[in-house]
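Q: Quick one: this structure, given as structure tokens, is what I'll be asking you about.
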Amino acid sequence: MLTFLSGGTGTPKLLRGMRVFLGDAEISVVVNTAEDMWISGGHLSPDIDTVMYLFAELLNTDTWWGIADDTFITHDFVTRLGEEEYIRIGDRDRGVMIVRGEMLRKGLTLTEATRILCTRLGVDASVLPMSDTPVTTRVEIPGGTMHFQEYWVKHRGMVEITGVRRVYEEPPEATPAVVSALADSEAVILGPSNPVTSIGPILECGGMREALADAFVIAVSPFIGDAPVSGPAAALMRAWGCDPSSAGTFGLYKDFVDVFIQDVRDPVGVPGAVRCDTLMADRGKSVGLAGEIMRIVEGRG
């Protein structure tokens with residue numbers, strides 16, 4: 001079994017390729033939940049849903065969020081009624097949010113709710129929230145803070161940010177299911193997701209770094225030079241006090257990573273790094289990178 005740490009875009013693209021080499025039941029995915037939020041009565045967990053929809057053959061891989069061929073009748077009518085939903089939620093996607101919200105209101109943990117949803121959607125992979133303790137990523141702006149979703153979705157990242165903070169009532173802990181998956185895995189892969197807002201919250205969960213120290217860990221850089229492959233990683237790395245590059249990313253992971261992968265085109269040098277084509281622009285490229293990672297894992301034996 002392999003376990004992946006995932007946000008909402010980079011790692012799911014890698015998972016798409018990994019499904020060629022592994023059965024879904026051989027894959028566990030520990031997913032960031034620091035971008036979760038309640039919206040219009042439903043519970044949005046965007047990174048969990050992207051992974052869950054991928055394995056359920058439902059994911060819109062044009063956007064890498066939401067359900068393919070979804071409709072937006074409810075969202076459009078809510079907007080017409082004067083309520084702001086700056087996240088455009090599809091009708092079937094909203095159905096998942098409503099059901100998950102009801103489960104959480106009834107006292108189920110996010111891990112339990114996710115397991116039930118995966119079963120109902122026919123997902124064989126193990127999709128694991130990083131923690132059952134709510135935690136939120138907020139970006140600091142002049143005069144205050146805003147939820148990461150507001151920064152990235154509503155404002156398209158076009159807001160000056162001066163810092164990033166995690167907000168919670170109690171420190172998040174890695175769940176027993178997460179710790180068990182890490183211990184049972186042949187390797188743990190940190191996909192090319194945002195180091196600050198996707199992978200960072202997972203690493204900050206109590207028990208995570210200790211578990212990773214005992215695992216064989218492969219990490220894939222999301223940077224080529226000082227530019228991320230996608231998303232706002234550069235601005236967030238600067239706000240986090242890190243160099244927006246593969247070197248900066250390696251600095252965040254160096255305490256536990258065994259193999260660091262960066263793109264063949266990356267001008268930034270990281271000593272000892274493995275060079276691969278990490279631009280997963282299509283399924284073939286995803287399969288290619290997944291194959292390189294499988295060779296590294298199998299080569300350990």
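Residues in the structure tokens are named by chain (A, B, ... in the order shown) and by number from 1 within that chain; ligands are numbered from 1 in the order shown.
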Can you tell me, as JSON, numbers by chain, which residues in range 111-281 of chain A count as strand (DSSP E) by DSSP?
A: {"A": [126, 127, 128, 129, 136, 137, 138, 139, 140, 141, 144, 145, 146, 147, 163, 164, 165, 166, 167, 187, 188, 189, 190, 217, 218, 219, 220, 223, 224, 227, 228, 259, 260, 261, 262, 263, 274, 275, 276]}
Q: Suppose we keep N, CA and C atoms; can you now write the selection as a short mmCIF file (atom, residue, chain, number, x, y, z; two decimals), in the first residue's frame?
A:
```
data_model
loop_
_atom_site.label_atom_id
_atom_site.label_comp_id
_atom_site.auth_asym_id
_atom_site.auth_seq_id
_atom_site.Cartn_x
_atom_site.Cartn_y
_atom_site.Cartn_z
N SER A 126 -8.77 4.41 0.36
CA SER A 126 -8.99 4.90 1.70
C SER A 126 -8.74 6.41 1.72
N VAL A 127 -9.81 7.19 1.83
CA VAL A 127 -9.72 8.65 1.83
C VAL A 127 -9.85 9.11 3.28
N LEU A 128 -8.77 9.71 3.80
CA LEU A 128 -8.68 9.99 5.23
C LEU A 128 -8.50 11.48 5.49
N PRO A 129 -9.46 12.13 6.15
CA PRO A 129 -9.22 13.50 6.60
C PRO A 129 -7.99 13.54 7.50
N THR A 136 -8.70 25.91 10.30
CA THR A 136 -8.93 26.75 9.13
C THR A 136 -7.67 27.52 8.79
N THR A 137 -7.35 27.56 7.50
CA THR A 137 -6.26 28.42 7.02
C THR A 137 -6.83 29.78 6.68
N ARG A 138 -6.27 30.81 7.30
CA ARG A 138 -6.64 32.18 6.99
C ARG A 138 -5.38 32.94 6.56
N VAL A 139 -5.54 33.81 5.59
CA VAL A 139 -4.41 34.63 5.16
C VAL A 139 -4.54 36.00 5.81
N GLU A 140 -3.38 36.54 6.18
CA GLU A 140 -3.34 37.87 6.79
C GLU A 140 -3.23 38.91 5.69
N ILE A 141 -4.08 39.92 5.79
CA ILE A 141 -4.09 41.02 4.84
C ILE A 141 -3.99 42.32 5.63
N GLY A 144 -6.51 42.91 8.66
CA GLY A 144 -7.30 41.77 9.11
C GLY A 144 -6.87 40.45 8.48
N THR A 145 -7.81 39.51 8.43
CA THR A 145 -7.56 38.20 7.82
C THR A 145 -8.77 37.80 6.99
N MET A 146 -8.58 36.80 6.12
CA MET A 146 -9.71 36.23 5.39
C MET A 146 -9.46 34.73 5.18
N HIS A 147 -10.56 33.99 5.06
CA HIS A 147 -10.48 32.55 4.80
C HIS A 147 -9.75 32.32 3.48
N GLY A 163 0.84 37.28 5.65
CA GLY A 163 1.11 36.11 6.48
C GLY A 163 0.03 35.06 6.31
N VAL A 164 0.25 33.92 6.89
CA VAL A 164 -0.70 32.80 6.86
C VAL A 164 -0.80 32.26 8.27
N ARG A 165 -2.02 32.00 8.70
CA ARG A 165 -2.17 31.44 10.05
C ARG A 165 -3.22 30.32 10.04
N ARG A 166 -3.06 29.38 10.94
CA ARG A 166 -4.02 28.32 11.16
C ARG A 166 -4.87 28.69 12.38
N VAL A 167 -6.18 28.55 12.28
CA VAL A 167 -7.10 28.93 13.36
C VAL A 167 -7.85 27.68 13.82
N ALA A 187 5.49 3.15 1.22
CA ALA A 187 6.05 4.49 1.06
C ALA A 187 4.96 5.52 1.24
N VAL A 188 5.37 6.72 1.61
CA VAL A 188 4.46 7.86 1.73
C VAL A 188 4.91 8.90 0.71
N ILE A 189 3.96 9.38 -0.09
CA ILE A 189 4.28 10.34 -1.14
C ILE A 189 3.60 11.66 -0.87
N LEU A 190 4.40 12.72 -0.81
CA LEU A 190 3.87 14.09 -0.74
C LEU A 190 3.80 14.59 -2.17
N VAL A 217 9.74 8.29 2.71
CA VAL A 217 8.97 9.42 2.22
C VAL A 217 9.56 9.97 0.92
N ILE A 218 8.70 10.13 -0.07
CA ILE A 218 9.05 10.76 -1.35
C ILE A 218 8.24 12.04 -1.46
N ALA A 219 8.88 13.15 -1.80
CA ALA A 219 8.17 14.42 -1.96
C ALA A 219 8.43 14.96 -3.36
N VAL A 220 7.38 15.51 -3.98
CA VAL A 220 7.47 16.09 -5.32
C VAL A 220 7.31 17.60 -5.21
N PHE A 223 7.26 23.41 -7.72
CA PHE A 223 7.87 24.59 -8.33
C PHE A 223 8.78 24.24 -9.49
N ILE A 224 8.82 25.15 -10.46
CA ILE A 224 9.86 25.17 -11.48
C ILE A 224 10.44 26.58 -11.44
N ALA A 227 8.37 29.81 -9.88
CA ALA A 227 6.96 29.79 -10.26
C ALA A 227 6.35 28.43 -9.93
N PRO A 228 5.20 28.42 -9.26
CA PRO A 228 4.52 27.15 -9.02
C PRO A 228 3.89 26.64 -10.31
N VAL A 259 13.48 10.93 -0.45
CA VAL A 259 13.71 11.21 -1.87
C VAL A 259 12.94 12.46 -2.25
N PHE A 260 13.64 13.43 -2.81
CA PHE A 260 13.00 14.68 -3.24
C PHE A 260 13.05 14.75 -4.76
N ILE A 261 11.90 14.96 -5.38
CA ILE A 261 11.80 15.00 -6.83
C ILE A 261 11.51 16.42 -7.28
N GLN A 262 12.28 16.90 -8.27
CA GLN A 262 11.99 18.19 -8.87
C GLN A 262 12.01 18.05 -10.38
N ASP A 263 11.44 19.03 -11.04
CA ASP A 263 11.27 18.95 -12.50
C ASP A 263 12.60 19.03 -13.23
N VAL A 274 16.09 13.95 -7.28
CA VAL A 274 15.84 13.17 -8.48
C VAL A 274 15.09 14.05 -9.47
N ARG A 275 15.51 14.03 -10.72
CA ARG A 275 14.88 14.88 -11.73
C ARG A 275 13.89 14.06 -12.57
N CYS A 276 12.66 14.56 -12.65
CA CYS A 276 11.61 13.92 -13.45
C CYS A 276 10.80 15.01 -14.16
#
```
Q: If we count only C-alpha atoms, what is near Met37 in chain A at a cut-off of 12 Å, once residues fewer than 3 positions away on the same chain are taken out, given as a ChimeraX atom specification?
A: /A:33-34,40-47,87,97,100-101,134-138,147-150
Q: Since we have the selection now, will you write its residues out, keeping N, CA and C atoms, as an mmCIF file, in the first residue's frame?
A:
```
data_model
loop_
_atom_site.group_PDB
_atom_site.id
_atom_site.type_symbol
_atom_site.label_atom_id
_atom_site.label_comp_id
_atom_site.auth_asym_id
_atom_site.auth_seq_id
_atom_site.Cartn_x
_atom_site.Cartn_y
_atom_site.Cartn_z
ATOM 1 N N THR A 33 -7.742 19.337 5.345
ATOM 2 C CA THR A 33 -9.103 19.799 5.642
ATOM 3 C C THR A 33 -9.126 21.240 6.132
ATOM 4 N N ALA A 34 -7.993 21.945 6.030
ATOM 5 C CA ALA A 34 -7.932 23.319 6.545
ATOM 6 C C ALA A 34 -8.605 24.326 5.618
ATOM 7 N N SER A 40 -24.009 27.957 3.044
ATOM 8 C CA SER A 40 -25.424 27.742 2.716
ATOM 9 C C SER A 40 -25.970 26.479 3.369
ATOM 10 N N GLY A 41 -25.538 26.214 4.595
ATOM 11 C CA GLY A 41 -26.066 25.083 5.355
ATOM 12 C C GLY A 41 -25.362 23.769 5.115
ATOM 13 N N GLY A 42 -24.496 23.699 4.104
ATOM 14 C CA GLY A 42 -23.766 22.468 3.820
ATOM 15 C C GLY A 42 -22.314 22.584 4.220
ATOM 16 N N HIS A 43 -21.669 21.440 4.358
ATOM 17 C CA HIS A 43 -20.259 21.426 4.751
ATOM 18 C C HIS A 43 -19.391 21.159 3.535
ATOM 19 N N LEU A 44 -18.619 22.168 3.153
ATOM 20 C CA LEU A 44 -17.721 22.067 2.006
ATOM 21 C C LEU A 44 -16.369 21.564 2.476
ATOM 22 N N SER A 45 -15.899 20.490 1.856
ATOM 23 C CA SER A 45 -14.566 19.958 2.135
ATOM 24 C C SER A 45 -13.898 19.735 0.779
ATOM 25 N N PRO A 46 -13.386 20.812 0.174
ATOM 26 C CA PRO A 46 -13.014 20.756 -1.246
ATOM 27 C C PRO A 46 -11.926 19.752 -1.585
ATOM 28 N N ASP A 47 -10.920 19.623 -0.726
ATOM 29 C CA ASP A 47 -9.834 18.706 -1.064
ATOM 30 C C ASP A 47 -10.257 17.249 -0.900
ATOM 31 N N ILE A 87 -18.280 30.757 -4.043
ATOM 32 C CA ILE A 87 -17.868 29.466 -4.593
ATOM 33 C C ILE A 87 -19.046 28.916 -5.388
ATOM 34 N N MET A 97 -22.444 17.979 0.047
ATOM 35 C CA MET A 97 -22.245 18.918 1.153
ATOM 36 C C MET A 97 -23.381 18.841 2.168
ATOM 37 N N ARG A 100 -23.111 15.450 4.124
ATOM 38 C CA ARG A 100 -21.994 15.497 5.071
ATOM 39 C C ARG A 100 -22.317 16.437 6.233
ATOM 40 N N GLY A 101 -22.922 17.578 5.931
ATOM 41 C CA GLY A 101 -23.294 18.509 6.988
ATOM 42 C C GLY A 101 -24.239 17.888 7.994
ATOM 43 N N PRO A 134 -11.559 20.507 13.736
ATOM 44 C CA PRO A 134 -11.648 21.585 12.743
ATOM 45 C C PRO A 134 -10.475 22.550 12.835
ATOM 46 N N VAL A 135 -9.908 22.880 11.683
ATOM 47 C CA VAL A 135 -8.826 23.859 11.597
ATOM 48 C C VAL A 135 -8.994 24.613 10.289
ATOM 49 N N THR A 136 -8.703 25.910 10.300
ATOM 50 C CA THR A 136 -8.928 26.750 9.129
ATOM 51 C C THR A 136 -7.674 27.525 8.785
ATOM 52 N N THR A 137 -7.346 27.557 7.496
ATOM 53 C CA THR A 137 -6.261 28.418 7.023
ATOM 54 C C THR A 137 -6.832 29.783 6.681
ATOM 55 N N ARG A 138 -6.273 30.809 7.298
ATOM 56 C CA ARG A 138 -6.640 32.185 6.991
ATOM 57 C C ARG A 138 -5.384 32.939 6.562
ATOM 58 N N HIS A 147 -10.560 33.991 5.056
ATOM 59 C CA HIS A 147 -10.484 32.553 4.800
ATOM 60 C C HIS A 147 -9.746 32.323 3.484
ATOM 61 N N PHE A 148 -8.953 31.265 3.432
ATOM 62 C CA PHE A 148 -8.202 30.982 2.216
ATOM 63 C C PHE A 148 -9.116 30.892 0.991
ATOM 64 N N GLN A 149 -10.307 30.313 1.153
ATOM 65 C CA GLN A 149 -11.213 30.189 0.011
ATOM 66 C C GLN A 149 -11.640 31.559 -0.511
ATOM 67 N N GLU A 150 -11.841 32.503 0.399
ATOM 68 C CA GLU A 150 -12.204 33.852 -0.028
ATOM 69 C C GLU A 150 -11.052 34.489 -0.793
#
```
Q: Write out as a ChimeraX atom specification all residues of range 15-208 of chain A that DSSP puts in alpha helix (DSSP H) for this structure's backbone.
A: /A:15-18,46-55,73-80,91-105,110-120,148-149,176-184,200-203,208
Q: Compile the contact shell of Thr278 in chain A as number ranges by chain: residues with an atom at most 12 Å away, counting only C-alpha atoms, same-chain residues fewer than 3 positions apart removed.
A: A: 10-11, 13-14, 17, 191-193, 219-224, 228-230, 260-266, 274-275, 281-282, 284-293
Q: Would you put the residues from that selection into a file with C-alpha atoms, as a PDB file, in the first residue's frame?
A:
```pdb
ATOM      1  CA  GLY A  10      -1.354  18.596  -7.713  1.00  0.00           C
ATOM      2  CA  THR A  11      -1.593  15.322  -5.817  1.00  0.00           C
ATOM      3  CA  LYS A  13      -3.234  14.559 -10.810  1.00  0.00           C
ATOM      4  CA  LEU A  14      -0.541  12.191  -9.563  1.00  0.00           C
ATOM      5  CA  GLY A  17      -1.512   8.211 -12.912  1.00  0.00           C
ATOM      6  CA  GLY A 191       2.439  15.149  -4.068  1.00  0.00           C
ATOM      7  CA  PRO A 192       3.117  18.494  -5.745  1.00  0.00           C
ATOM      8  CA  SER A 193       0.440  20.288  -3.765  1.00  0.00           C
ATOM      9  CA  ALA A 219       8.171  14.416  -1.964  1.00  0.00           C
ATOM     10  CA  VAL A 220       7.467  16.087  -5.316  1.00  0.00           C
ATOM     11  CA  SER A 221       8.206  19.796  -5.697  1.00  0.00           C
ATOM     12  CA  PRO A 222       5.385  22.000  -7.033  1.00  0.00           C
ATOM     13  CA  PHE A 223       7.870  24.594  -8.326  1.00  0.00           C
ATOM     14  CA  ILE A 224       9.862  25.171 -11.485  1.00  0.00           C
ATOM     15  CA  PRO A 228       4.523  27.148  -9.023  1.00  0.00           C
ATOM     16  CA  VAL A 229       3.072  24.746 -11.564  1.00  0.00           C
ATOM     17  CA  SER A 230      -0.367  26.061 -10.573  1.00  0.00           C
ATOM     18  CA  PHE A 260      12.998  14.680  -3.240  1.00  0.00           C
ATOM     19  CA  ILE A 261      11.795  15.002  -6.834  1.00  0.00           C
ATOM     20  CA  GLN A 262      11.990  18.195  -8.872  1.00  0.00           C
ATOM     21  CA  ASP A 263      11.268  18.945 -12.498  1.00  0.00           C
ATOM     22  CA  VAL A 264      13.864  18.370 -15.202  1.00  0.00           C
ATOM     23  CA  ARG A 265      13.469  22.026 -16.253  1.00  0.00           C
ATOM     24  CA  ASP A 266      13.915  23.481 -12.779  1.00  0.00           C
ATOM     25  CA  VAL A 274      15.839  13.167  -8.482  1.00  0.00           C
ATOM     26  CA  ARG A 275      14.882  14.876 -11.731  1.00  0.00           C
ATOM     27  CA  ALA A 281      -0.624  18.373 -18.207  1.00  0.00           C
ATOM     28  CA  ASP A 282      -2.491  15.246 -19.289  1.00  0.00           C
ATOM     29  CA  GLY A 284      -0.075  10.376 -20.009  1.00  0.00           C
ATOM     30  CA  LYS A 285       2.193  12.759 -18.099  1.00  0.00           C
ATOM     31  CA  SER A 286       0.540  11.722 -14.830  1.00  0.00           C
ATOM     32  CA  VAL A 287       1.183   8.075 -15.644  1.00  0.00           C
ATOM     33  CA  GLY A 288       4.800   8.880 -16.540  1.00  0.00           C
ATOM     34  CA  LEU A 289       5.543  10.563 -13.205  1.00  0.00           C
ATOM     35  CA  ALA A 290       3.679   7.846 -11.301  1.00  0.00           C
ATOM     36  CA  GLY A 291       5.810   5.239 -13.076  1.00  0.00           C
ATOM     37  CA  GLU A 292       9.020   7.004 -12.033  1.00  0.00           C
ATOM     38  CA  ILE A 293       7.843   7.057  -8.415  1.00  0.00           C
TER      39      ILE A 293
END
```
Q: Please identify all polymer residues within 7 Å of Val123 in chain A, counting only C-alpha atoms, omitting same-chain residues fewer than 4 positions from it, and present them as an mmCIF file with N, CA and C atoms, in the first residue's frame.
A:
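Final file, around-v4.cif:
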```cif
data_model
loop_
_atom_site.group_PDB
_atom_site.id
_atom_site.type_symbol
_atom_site.label_atom_id
_atom_site.label_comp_id
_atom_site.auth_asym_id
_atom_site.auth_seq_id
_atom_site.Cartn_x
_atom_site.Cartn_y
_atom_site.Cartn_z
ATOM 1 N N PHE A 55 -11.740 9.037 -7.416
ATOM 2 C CA PHE A 55 -11.864 7.582 -7.300
ATOM 3 C C PHE A 55 -13.268 7.092 -7.635
ATOM 4 N N ALA A 56 -14.263 7.960 -7.516
ATOM 5 C CA ALA A 56 -15.642 7.593 -7.855
ATOM 6 C C ALA A 56 -15.946 7.798 -9.339
ATOM 7 N N CYS A 118 -17.730 7.642 0.918
ATOM 8 C CA CYS A 118 -16.930 6.842 -0.015
ATOM 9 C C CYS A 118 -17.613 5.510 -0.308
ATOM 10 N N THR A 119 -18.155 4.880 0.723
ATOM 11 C CA THR A 119 -18.856 3.612 0.516
ATOM 12 C C THR A 119 -20.048 3.793 -0.410
#
```
Q: For Val31 in chain A, find every residue with an atom within 12 Å (counting only C-alpha atoms), except residues of its own chain fewer than 4 positions away, and show them as a PyMOL selection string.
A: chain A and resi 3-9+11-12+35-36+45-52+110-111+114+126-132+174-175+178+190-191+193+197-203+205
Q: Which residue out of A:Asp184, A:Asp91, A:Asp258, A:Glu26 has the minimum interatomic distance to Thr74 in chain A when only C-alpha atoms are used?
A: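 Result for the nearest residue to Thr74 in chain A: A:Asp91.
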Q: Neighbouring residues of Gly251 in chain A were defined as those with any atom within 12 Å, considering only C-alpha atoms; residues of the same chain fewer than 3 positions away were excluded. Please report them as an MDAnalysis selection string.
A: chainID A and resid 195 219 221 237 241:248 254:257 260 270:271
Q: For Asp124 in chain A, which of A:Val196, A:Ile27, A:Ile39, A:Ala183 is the closest residue, counting only C-alpha atoms?
A: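 Of A:Val196, A:Ile27, A:Ile39, A:Ala183, the one nearest Asp124 in chain A is A:Ile27, counting only C-alpha atoms.
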